[in-house]
>>> print(open('data-v7.txt').read())   # compact mmCIF, C-alpha atoms
# COMPACT_ATOMS: atom_id res chain seq x y z
CA MET D 1 -20.81 -12.57 -11.36
CA LYS D 2 -24.49 -11.61 -10.72
CA ASP D 3 -25.30 -14.93 -9.01
CA GLU D 4 -22.16 -14.90 -6.93
CA LYS D 5 -21.76 -13.55 -3.42
CA ILE D 6 -19.07 -11.36 -1.93
CA LEU D 7 -16.25 -13.36 -0.41
CA LEU D 8 -13.40 -12.26 1.87
CA ALA D 9 -11.17 -12.73 -1.16
CA HIS D 10 -12.97 -9.85 -2.91
CA GLY D 11 -11.18 -7.55 -0.45
CA SER D 12 -7.76 -9.18 -0.64
CA GLY D 13 -6.12 -6.78 -3.06
CA GLY D 14 -5.64 -9.70 -5.44
CA LYS D 15 -7.28 -10.84 -8.66
CA LEU D 16 -10.83 -11.20 -7.29
CA MET D 17 -10.79 -7.66 -5.90
CA HIS D 18 -9.54 -6.26 -9.19
CA ASP D 19 -12.26 -8.19 -11.03
CA LEU D 20 -14.89 -6.79 -8.63
CA VAL D 21 -13.66 -3.23 -9.15
CA SER D 22 -13.39 -3.46 -12.93
CA GLN D 23 -16.57 -5.48 -13.57
CA ILE D 24 -18.92 -3.89 -11.01
CA PHE D 25 -17.75 -0.61 -9.46
CA LEU D 26 -15.97 0.84 -12.49
CA LYS D 27 -18.94 -0.01 -14.71
CA LYS D 28 -21.37 1.81 -12.39
CA PHE D 29 -19.24 4.87 -11.59
CA HIS D 30 -17.27 5.10 -14.84
CA ASN D 31 -15.54 8.41 -15.50
CA PRO D 32 -12.07 9.37 -16.84
CA ILE D 33 -10.63 10.12 -13.39
CA LEU D 34 -11.72 6.82 -11.82
CA ALA D 35 -10.76 4.84 -14.93
CA LYS D 36 -7.05 5.48 -14.29
CA LEU D 37 -7.30 3.06 -11.33
CA ASP D 38 -4.52 4.70 -9.35
CA ASP D 39 -4.61 4.69 -5.53
CA MET D 40 -6.00 8.22 -5.59
CA ALA D 41 -7.98 10.51 -7.89
CA MET D 42 -5.96 13.30 -9.52
CA PHE D 43 -7.74 16.33 -10.99
CA LYS D 44 -7.48 20.07 -11.47
CA LEU D 45 -9.70 22.38 -9.41
CA GLY D 46 -9.25 25.99 -10.43
CA GLU D 47 -5.49 26.44 -10.68
CA ALA D 48 -4.68 23.68 -8.19
CA ASN D 49 -3.66 20.12 -9.09
CA LEU D 50 -5.21 17.98 -6.38
CA ALA D 51 -5.02 14.37 -5.19
CA PHE D 52 -7.98 12.90 -3.29
CA THR D 53 -8.26 9.47 -1.69
CA THR D 54 -10.27 7.44 0.83
CA ASP D 55 -9.80 4.12 2.62
CA THR D 56 -11.42 2.08 5.40
CA TYR D 57 -9.51 0.23 8.11
CA VAL D 58 -10.85 -2.95 9.72
CA VAL D 59 -7.63 -4.53 11.00
CA SER D 60 -7.86 -7.18 13.73
CA PRO D 61 -6.41 -6.96 16.36
CA LEU D 62 -6.67 -3.17 16.77
CA PHE D 63 -3.25 -3.01 18.48
CA PHE D 64 -0.31 -4.91 17.01
CA ASN D 65 3.48 -4.83 17.27
CA GLY D 66 4.62 -1.69 15.45
CA GLY D 67 1.28 0.10 15.30
CA ASP D 68 -2.47 0.18 15.73
CA ILE D 69 -5.56 0.90 13.65
CA GLY D 70 -5.18 4.68 14.19
CA ARG D 71 -1.59 4.90 12.95
CA LEU D 72 -2.52 2.59 10.09
CA ALA D 73 -5.41 4.85 9.02
CA ILE D 74 -3.33 8.04 8.96
CA CYS D 75 -0.29 6.45 7.31
CA GLY D 76 -2.37 4.62 4.72
CA THR D 77 -4.15 7.76 3.57
CA VAL D 78 -0.98 9.87 3.61
CA ASN D 79 0.81 7.24 1.50
CA ASP D 80 -2.03 6.94 -1.02
CA LEU D 81 -1.77 10.70 -1.60
CA ALA D 82 2.03 10.81 -1.59
CA VAL D 83 2.42 8.15 -4.30
CA SER D 84 0.85 10.62 -6.73
CA GLY D 85 3.65 13.06 -5.89
CA ALA D 86 1.19 15.12 -3.84
CA MET D 87 1.96 16.93 -0.60
CA PRO D 88 -0.73 15.56 1.78
CA LYS D 89 -2.55 18.34 3.65
CA TYR D 90 -5.94 17.51 5.16
CA ILE D 91 -7.47 14.30 6.52
CA SER D 92 -11.00 13.32 7.51
CA ALA D 93 -11.67 10.56 10.03
CA ALA D 94 -14.95 8.69 10.51
CA PHE D 95 -15.44 6.09 13.26
CA VAL D 96 -17.87 3.19 13.52
CA ILE D 97 -17.73 2.09 17.16
CA GLU D 98 -19.36 -0.99 18.67
CA GLU D 99 -21.36 -0.44 21.85
CA GLY D 100 -19.22 -1.34 24.87
CA PHE D 101 -15.89 -0.37 23.33
CA PRO D 102 -13.50 0.92 26.08
CA LEU D 103 -13.05 4.68 26.07
CA SER D 104 -9.44 4.21 27.20
CA ASP D 105 -8.68 2.22 24.02
CA LEU D 106 -10.37 4.88 21.89
CA GLU D 107 -8.17 7.54 23.46
CA LYS D 108 -5.03 5.48 22.83
CA ILE D 109 -5.98 5.13 19.18
CA LEU D 110 -6.73 8.85 18.82
CA ASP D 111 -3.39 9.73 20.45
CA SER D 112 -1.67 7.44 17.96
CA MET D 113 -3.45 9.19 15.08
CA VAL D 114 -2.30 12.57 16.39
CA ARG D 115 1.34 11.36 16.53
CA ALA D 116 1.21 9.89 13.03
CA ALA D 117 -0.42 13.02 11.62
CA GLY D 118 2.27 15.15 13.26
CA GLU D 119 5.02 13.02 11.74
CA ALA D 120 3.44 13.30 8.28
CA GLY D 121 2.63 17.01 8.62
CA VAL D 122 -1.13 16.66 8.05
CA ILE D 123 -4.10 17.68 10.17
CA VAL D 124 -7.48 16.03 10.76
CA VAL D 125 -10.04 18.69 9.81
CA THR D 126 -13.37 16.88 9.79
CA GLY D 127 -14.92 13.61 10.87
CA ASP D 128 -17.91 11.58 11.90
CA THR D 129 -18.83 9.17 14.71
CA LYS D 130 -21.39 6.37 14.62
CA VAL D 131 -22.06 3.90 17.45
CA VAL D 132 -23.75 0.61 16.56
CA GLU D 133 -25.30 -1.96 18.84
CA LYS D 134 -23.15 -4.74 20.28
CA GLY D 135 -22.52 -7.27 17.52
CA GLY D 136 -23.22 -4.67 14.81
CA ALA D 137 -19.47 -4.21 14.18
CA ASP D 138 -16.24 -5.75 15.42
CA LYS D 139 -15.03 -3.21 18.03
CA LEU D 140 -13.96 -0.30 15.79
CA PHE D 141 -13.69 0.57 12.11
CA ILE D 142 -12.11 3.80 10.82
CA ASN D 143 -12.62 5.48 7.45
CA THR D 144 -10.20 8.21 6.42
CA ALA D 145 -10.07 10.47 3.37
CA GLY D 146 -7.33 12.88 2.42
CA VAL D 147 -6.52 15.79 0.12
CA GLY D 148 -3.10 16.80 -1.15
CA ILE D 149 -1.60 19.27 -3.62
CA ILE D 150 0.41 18.03 -6.60
CA PRO D 151 3.21 20.45 -7.56
CA GLU D 152 3.40 21.59 -11.20
CA GLY D 153 5.43 19.33 -13.48
CA ILE D 154 4.81 16.09 -11.61
CA ASN D 155 3.11 13.31 -13.55
CA ILE D 156 3.10 9.98 -11.70
CA SER D 157 0.72 7.15 -12.59
CA GLY D 158 0.73 3.39 -12.84
CA SER D 159 0.29 3.81 -16.60
CA ASN D 160 3.61 5.67 -17.15
CA ALA D 161 6.18 2.83 -17.08
CA ARG D 162 8.48 2.64 -20.12
CA VAL D 163 10.76 -0.13 -21.38
CA GLY D 164 14.22 0.22 -19.80
CA ASP D 165 12.99 1.94 -16.61
CA LYS D 166 14.35 0.59 -13.34
CA VAL D 167 12.21 -0.92 -10.57
CA ILE D 168 13.15 0.29 -7.07
CA LEU D 169 11.90 -1.21 -3.79
CA SER D 170 12.32 0.81 -0.57
CA GLY D 171 12.89 -2.11 1.83
CA SER D 172 11.98 -5.54 3.17
CA ILE D 173 8.58 -6.96 2.33
CA GLY D 174 5.92 -8.78 4.34
CA ASP D 175 6.61 -7.25 7.77
CA HIS D 176 3.14 -5.77 8.36
CA GLY D 177 1.06 -8.75 7.25
CA ILE D 178 3.11 -11.26 9.25
CA ALA D 179 3.19 -8.98 12.34
CA VAL D 180 -0.63 -8.74 12.38
CA ILE D 181 -1.38 -12.38 11.59
CA SER D 182 1.18 -13.69 14.10
CA GLN D 183 -0.33 -11.58 16.90
CA ARG D 184 -3.89 -12.52 15.91
CA GLU D 185 -3.12 -16.22 15.84
CA GLY D 186 -0.83 -16.15 18.90
CA LEU D 187 2.14 -17.41 16.93
CA GLU D 188 5.61 -16.99 18.39
CA PHE D 189 8.77 -16.63 16.37
CA LYS D 190 12.41 -16.41 17.48
CA THR D 191 12.44 -12.68 16.74
CA GLN D 192 9.27 -10.67 17.23
CA ILE D 193 8.12 -9.30 13.89
CA LYS D 194 7.18 -5.62 13.83
CA SER D 195 4.85 -3.87 11.38
CA ASP D 196 6.53 -1.38 9.04
CA CYS D 197 3.53 1.01 9.25
CA ALA D 198 4.89 4.50 8.43
CA PRO D 199 4.14 7.71 6.50
CA LEU D 200 6.25 7.89 3.32
CA ASN D 201 5.48 11.42 2.12
CA HIS D 202 8.80 12.94 3.25
CA LEU D 203 10.76 10.10 1.63
CA ILE D 204 8.87 10.63 -1.65
CA ALA D 205 9.43 14.40 -1.50
CA GLU D 206 13.20 13.77 -1.21
CA MET D 207 13.05 11.42 -4.22
CA LEU D 208 11.30 14.10 -6.26
CA GLN D 209 14.10 16.55 -5.43
CA VAL D 210 16.44 14.27 -7.44
CA THR D 211 14.35 13.86 -10.59
CA ARG D 212 11.00 14.37 -12.25
CA GLY D 213 11.66 11.05 -13.98
CA ILE D 214 9.71 9.00 -11.44
CA ARG D 215 7.08 7.37 -13.67
CA CYS D 216 5.12 5.19 -11.22
CA LEU D 217 4.88 4.99 -7.43
CA ARG D 218 2.76 2.76 -5.22
CA ASP D 219 2.76 1.38 -1.69
CA PRO D 220 2.37 -2.41 -1.92
CA THR D 221 -0.32 -2.92 0.71
CA ARG D 222 -3.03 -5.57 0.25
CA GLY D 223 -1.87 -8.14 -2.30
CA GLY D 224 1.75 -7.20 -1.58
CA LEU D 225 4.55 -6.60 -4.04
CA ALA D 226 3.02 -9.08 -6.49
CA SER D 227 -0.22 -7.10 -6.91
CA THR D 228 1.57 -3.78 -7.26
CA LEU D 229 3.91 -5.00 -10.01
CA ASN D 230 1.02 -6.70 -11.82
CA GLU D 231 -1.00 -3.47 -11.64
CA PHE D 232 1.90 -1.60 -13.26
CA VAL D 233 2.31 -4.06 -16.15
CA THR D 234 -1.43 -4.03 -16.83
CA GLN D 235 -1.82 -0.24 -16.66
CA SER D 236 1.34 0.44 -18.72
CA ASN D 237 1.05 -2.53 -21.13
CA VAL D 238 4.64 -3.63 -20.49
CA GLY D 239 6.43 -6.47 -18.69
CA ILE D 240 8.58 -6.39 -15.55
CA PHE D 241 11.59 -8.58 -14.75
CA ILE D 242 12.87 -8.70 -11.16
CA GLU D 243 15.61 -10.63 -9.39
CA GLU D 244 14.39 -12.54 -6.32
CA GLN D 245 17.74 -12.30 -4.50
CA LYS D 246 17.55 -8.48 -4.61
CA VAL D 247 14.17 -8.36 -2.83
CA PRO D 248 14.91 -8.00 0.91
CA ILE D 249 12.88 -10.31 3.17
CA LYS D 250 13.63 -10.66 6.87
CA GLU D 251 14.55 -14.18 7.95
CA GLU D 252 11.71 -14.30 10.48
CA VAL D 253 9.19 -13.19 7.84
CA LEU D 254 10.50 -15.82 5.44
CA GLY D 255 10.32 -18.45 8.18
CA ALA D 256 6.74 -17.49 9.08
CA CYS D 257 5.70 -17.59 5.42
CA GLU D 258 7.24 -21.03 4.98
CA MET D 259 5.49 -22.29 8.13
CA LEU D 260 2.10 -20.81 7.18
CA GLY D 261 2.28 -21.53 3.46
CA TYR D 262 2.32 -17.89 2.33
CA ASP D 263 4.27 -16.33 -0.53
CA PRO D 264 6.01 -13.21 0.91
CA PHE D 265 5.47 -11.46 -2.44
CA HIS D 266 1.71 -11.54 -1.64
CA VAL D 267 1.94 -10.36 1.98
CA ALA D 268 0.90 -6.77 2.81
CA ASN D 269 3.23 -3.89 3.68
CA GLU D 270 2.26 -0.52 5.19
CA GLY D 271 5.57 1.38 5.05
CA LYS D 272 7.19 0.39 1.77
CA LEU D 273 7.03 1.77 -1.76
CA VAL D 274 7.78 0.58 -5.27
CA ALA D 275 9.02 3.12 -7.81
CA ILE D 276 9.49 2.90 -11.57
CA VAL D 277 12.21 5.42 -12.45
CA ASN D 278 13.98 6.43 -15.65
CA PRO D 279 17.29 4.54 -15.90
CA GLU D 280 19.49 7.67 -15.96
CA ASP D 281 18.38 8.78 -12.47
CA ALA D 282 17.68 5.46 -10.75
CA ASP D 283 21.03 5.09 -8.92
CA GLU D 284 20.86 8.64 -7.55
CA VAL D 285 17.26 8.11 -6.39
CA VAL D 286 18.35 4.98 -4.49
CA LYS D 287 21.17 6.90 -2.79
CA VAL D 288 18.75 9.58 -1.59
CA MET D 289 16.28 6.96 -0.37
CA GLN D 290 18.98 5.16 1.62
CA ARG D 291 19.61 8.36 3.63
CA ASN D 292 15.98 8.34 4.88
CA LYS D 293 15.06 6.01 7.76
CA TYR D 294 12.17 4.60 5.72
CA GLY D 295 14.34 3.84 2.69
CA ARG D 296 17.58 2.51 4.16
CA GLU D 297 17.26 -0.87 2.40
CA ALA D 298 16.27 0.67 -0.95
CA GLN D 299 17.69 -0.93 -4.05
CA ILE D 300 17.01 -1.60 -7.70
CA ILE D 301 15.30 -4.98 -7.97
CA GLY D 302 14.54 -5.16 -11.68
CA GLU D 303 13.64 -3.51 -14.96
CA VAL D 304 10.68 -2.78 -17.20
CA VAL D 305 10.80 -4.94 -20.35
CA SER D 306 8.83 -5.09 -23.59
CA ASN D 307 7.96 -8.79 -23.36
CA PRO D 308 6.09 -10.68 -22.13
CA LYS D 309 3.55 -7.86 -21.94
CA GLY D 310 1.31 -7.93 -18.88
CA LYS D 311 3.56 -10.36 -17.00
CA VAL D 312 5.91 -10.10 -14.03
CA ILE D 313 8.85 -12.51 -14.24
CA VAL D 314 10.99 -13.33 -11.21
CA LYS D 315 14.51 -14.67 -11.72
CA THR D 316 15.17 -17.22 -8.98
CA ALA D 317 18.21 -19.26 -7.95
CA VAL D 318 17.03 -22.15 -10.10
CA GLY D 319 15.40 -20.41 -13.04
CA ALA D 320 12.44 -18.06 -13.45
CA ARG D 321 8.76 -17.98 -12.54
CA ILE D 322 5.72 -15.88 -13.36
CA LEU D 323 4.57 -13.79 -10.40
CA ASP D 324 0.78 -13.53 -10.55
CA MET D 325 -1.65 -11.58 -8.42
CA LEU D 326 -2.97 -13.34 -5.36
CA VAL D 327 -5.99 -15.52 -6.16
CA GLY D 328 -8.25 -16.04 -3.16
CA GLU D 329 -7.79 -14.67 0.36
CA GLN D 330 -4.48 -15.19 2.11
CA LEU D 331 -4.58 -12.79 5.09
CA PRO D 332 -7.98 -11.22 5.88
CA ARG D 333 -8.32 -8.02 7.93
CA ILE D 334 -4.67 -7.02 8.04
CA CYS D 335 -5.39 -3.37 7.21
>>> encode(input="data-v7.txt", output="structure tokens")
Amino acid sequence: MKDEKILLAHGSGGKLMHDLVSQIFLKKFHNPILAKLDDMAMFKLGEANLAFTTDTYVVSPLFFNGGDIGRLAICGTVNDLAVSGAMPKYISAAFVIEEGFPLSDLEKILDSMVRAAGEAGVIVVTGDTKVVEKGGADKLFINTAGVGIIPEGINISGSNARVGDKVILSGSIGDHGIAVISQREGLEFKTQIKSDCAPLNHLIAEMLQVTRGIRCLRDPTRGGLASTLNEFVTQSNVGIFIEEQKVPIKEEVLGACEMLGYDPFHVANEGKLVAIVNPEDADEVVKVMQRNKYGREAQIIGEVVSNPKGKVIVKTAVGARILDMLVGEQLPRIC
């Protein structure tokens, strides 16, 4: 890898990004907290169990149907904390702004961040602003970090899946990625596709009221559902079997994917979650999710199996296929 150069695909959320993280970043910064490779760091500080995360948003265009870069930044950080079972509390926001960027657009984005933070119940408590010369950045980039508190007795990690557990998906996949790419490329579909960008912390809190048997949680963002399921099987050393017909995909998303040559399982989401739950409580968890506006389409889509280890198998109408992580870059700058 030393003679290679960074490609867009190294940020795709797929196989190349995972190779970059494991072979370069993890080797340099190795420690037991980072080595878990969850979406956030979980550690004890004094008597408090904390979750801590950071992410950078470079989406293009900045405004898209269903959201904008500001809402995306708040929701993304809230969700990365919430999938550890944490109650998100405090957010930082740092801005890299290109010279000439309209102040009116900046205010719109900040207003959107305020609304999203209010919905999630978090506050922005610190930040930073840098302005670079024209051409030094593409309009606006936002970095956010967040801190949350994990209640006692909650232990959620991608490494906790057990054979027999059920796989739950909160709703239709691919909406965000197709909404952004269709607006960027000026594509028109019969029904306008809207991003699912949303904070999921209240939905997750309601799920945790049902059971402490939620083993794994993750929001399938870059790399889509395929990357998330493959991360689980790798971290937990198990296999996962899902039924394609149980995975909700909107007709317009499916049509766009067919036209553009994308696999909807690889397309990003920003308001969906995947949960691995003990089989005894899975049905009740689904019922609770369906009462929340962000989980109305929730259903069990599959099960954790012992073999083949490290593989995700999808049962289709004509047989079965292996669902791998995305190789290469499918949709750059969608988050």
>>> atom_distance(input="data-v7.txt", atom1="atom CA of D:Glu252", atom2="atom CA of D:Leu200")
23.9 Å
>>> closest_atom_pairs(input="data-v7.txt", of="stretch 140-237 of chain D", to="stretch 282-294 of chain D", cutoff="9 Å", atoms="all atoms listed in the file", output="JSON lines")
{"residue": "D:Asp165", "atom": "CA", "partner": "D:Ala282", "partner_atom": "CA", "distance": 8.3}
{"residue": "D:Lys166", "atom": "CA", "partner": "D:Ala282", "partner_atom": "CA", "distance": 6.4}
{"residue": "D:Val167", "atom": "CA", "partner": "D:Ala282", "partner_atom": "CA", "distance": 8.4}
{"residue": "D:Ile168", "atom": "CA", "partner": "D:Val286", "partner_atom": "CA", "distance": 7.5}
{"residue": "D:Leu169", "atom": "CA", "partner": "D:Val286", "partner_atom": "CA", "distance": 9.0}
{"residue": "D:Ser170", "atom": "CA", "partner": "D:Met289", "partner_atom": "CA", "distance": 7.3}
{"residue": "D:Gly171", "atom": "CA", "partner": "D:Tyr294", "partner_atom": "CA", "distance": 7.8}
{"residue": "D:Asp196", "atom": "CA", "partner": "D:Tyr294", "partner_atom": "CA", "distance": 8.9}
{"residue": "D:Ala198", "atom": "CA", "partner": "D:Tyr294", "partner_atom": "CA", "distance": 7.8}
{"residue": "D:Pro199", "atom": "CA", "partner": "D:Tyr294", "partner_atom": "CA", "distance": 8.6}
{"residue": "D:Leu200", "atom": "CA", "partner": "D:Tyr294", "partner_atom": "CA", "distance": 7.2}
{"residue": "D:His202", "atom": "CA", "partner": "D:Asn292", "partner_atom": "CA", "distance": 8.7}
{"residue": "D:Leu203", "atom": "CA", "partner": "D:Asn292", "partner_atom": "CA", "distance": 6.4}
{"residue": "D:Ile204", "atom": "CA", "partner": "D:Met289", "partner_atom": "CA", "distance": 8.4}
{"residue": "D:Glu206", "atom": "CA", "partner": "D:Val288", "partner_atom": "CA", "distance": 7.0}
{"residue": "D:Met207", "atom": "CA", "partner": "D:Val285", "partner_atom": "CA", "distance": 5.8}
{"residue": "D:Leu208", "atom": "CA", "partner": "D:Val285", "partner_atom": "CA", "distance": 8.5}
{"residue": "D:Val210", "atom": "CA", "partner": "D:Val285", "partner_atom": "CA", "distance": 6.3}
{"residue": "D:Thr211", "atom": "CA", "partner": "D:Val285", "partner_atom": "CA", "distance": 7.7}
{"residue": "D:Gly213", "atom": "CA", "partner": "D:Ala282", "partner_atom": "CA", "distance": 8.8}
{"residue": "D:Ile214", "atom": "CA", "partner": "D:Ala282", "partner_atom": "CA", "distance": 8.7}
>>> closest_atom_pairs(input="data-v7.txt", of="stretch 21-71 of chain D", to="stretch 260-274 of chain D", cutoff="12 Å", atoms="only C-alpha atoms", output="JSON lines")
{"residue": "D:Gly66", "atom": "CA", "partner": "D:Glu270", "partner_atom": "CA", "distance": 10.6}
{"residue": "D:Gly67", "atom": "CA", "partner": "D:Glu270", "partner_atom": "CA", "distance": 10.2}
{"residue": "D:Asp68", "atom": "CA", "partner": "D:Glu270", "partner_atom": "CA", "distance": 11.6}
{"residue": "D:Ile69", "atom": "CA", "partner": "D:Glu270", "partner_atom": "CA", "distance": 11.6}
{"residue": "D:Arg71", "atom": "CA", "partner": "D:Glu270", "partner_atom": "CA", "distance": 10.2}
>>> atom_distance(input="data-v7.txt", atom1="atom CA of D:Pro220", atom2="atom CA of D:Cys75")
13.1 Å
>>> closest_residue(input="data-v7.txt", among="D:Asp219, D:Ala93, D:Ala41, D:Gly177", to="D:Asp128", atoms="only C-alpha atoms")
D:Ala93
>>> residues_around(input="data-v7.txt", residues="D:Gly136", least_positions_apart="4", cutoff="10 Å", atoms="all atoms listed in the file", output="ChimeraX atom specification")
/D:96-99,131-132
>>> closest_residue(input="data-v7.txt", among="D:Phe241, D:Tyr90, D:Phe43, D:Phe25", to="D:Gly148", atoms="all atoms listed in the file")
D:Tyr90
>>> atom_distance(input="data-v7.txt", atom1="atom CA of D:Asp55", atom2="atom CA of D:Asp80")
9.0 Å
>>> axis_aligned_box(input="data-v7.txt", around="stretch 203-220 of chain D", padding_each_side="5 Å", output="lines of an AutoDock Vina configuration file")
center_x = 9.4
center_y = 7.1
center_z = -6.2
size_x = 24.1
size_y = 29.0
size_z = 25.6
>>> residues_around(input="data-v7.txt", residues="D:Asp38", least_positions_apart="5", cutoff="10 Å", atoms="all atoms listed in the file", output="mmCIF file with C-alpha atoms, keeping the file's coordinate frame")
data_model
loop_
_atom_site.group_PDB
_atom_site.id
_atom_site.type_symbol
_atom_site.label_atom_id
_atom_site.label_comp_id
_atom_site.auth_asym_id
_atom_site.auth_seq_id
_atom_site.Cartn_x
_atom_site.Cartn_y
_atom_site.Cartn_z
ATOM 1 C CA ILE D 33 -10.630 10.120 -13.390
ATOM 2 C CA THR D 53 -8.260 9.470 -1.690
ATOM 3 C CA ASP D 80 -2.030 6.940 -1.020
ATOM 4 C CA VAL D 83 2.420 8.150 -4.300
ATOM 5 C CA SER D 84 0.850 10.620 -6.730
ATOM 6 C CA ILE D 156 3.100 9.980 -11.700
ATOM 7 C CA SER D 157 0.720 7.150 -12.590
ATOM 8 C CA GLY D 158 0.730 3.390 -12.840
ATOM 9 C CA SER D 159 0.290 3.810 -16.600
ATOM 10 C CA CYS D 216 5.120 5.190 -11.220
ATOM 11 C CA LEU D 217 4.880 4.990 -7.430
ATOM 12 C CA ARG D 218 2.760 2.760 -5.220
ATOM 13 C CA GLU D 231 -1.000 -3.470 -11.640
ATOM 14 C CA PHE D 232 1.900 -1.600 -13.260
ATOM 15 C CA GLN D 235 -1.820 -0.240 -16.660
#
>>> closest_residue(input="data-v7.txt", among="D:Leu45, D:Ala256, D:Leu72, D:Leu34", to="D:Val114", atoms="only C-alpha atoms")
D:Leu72
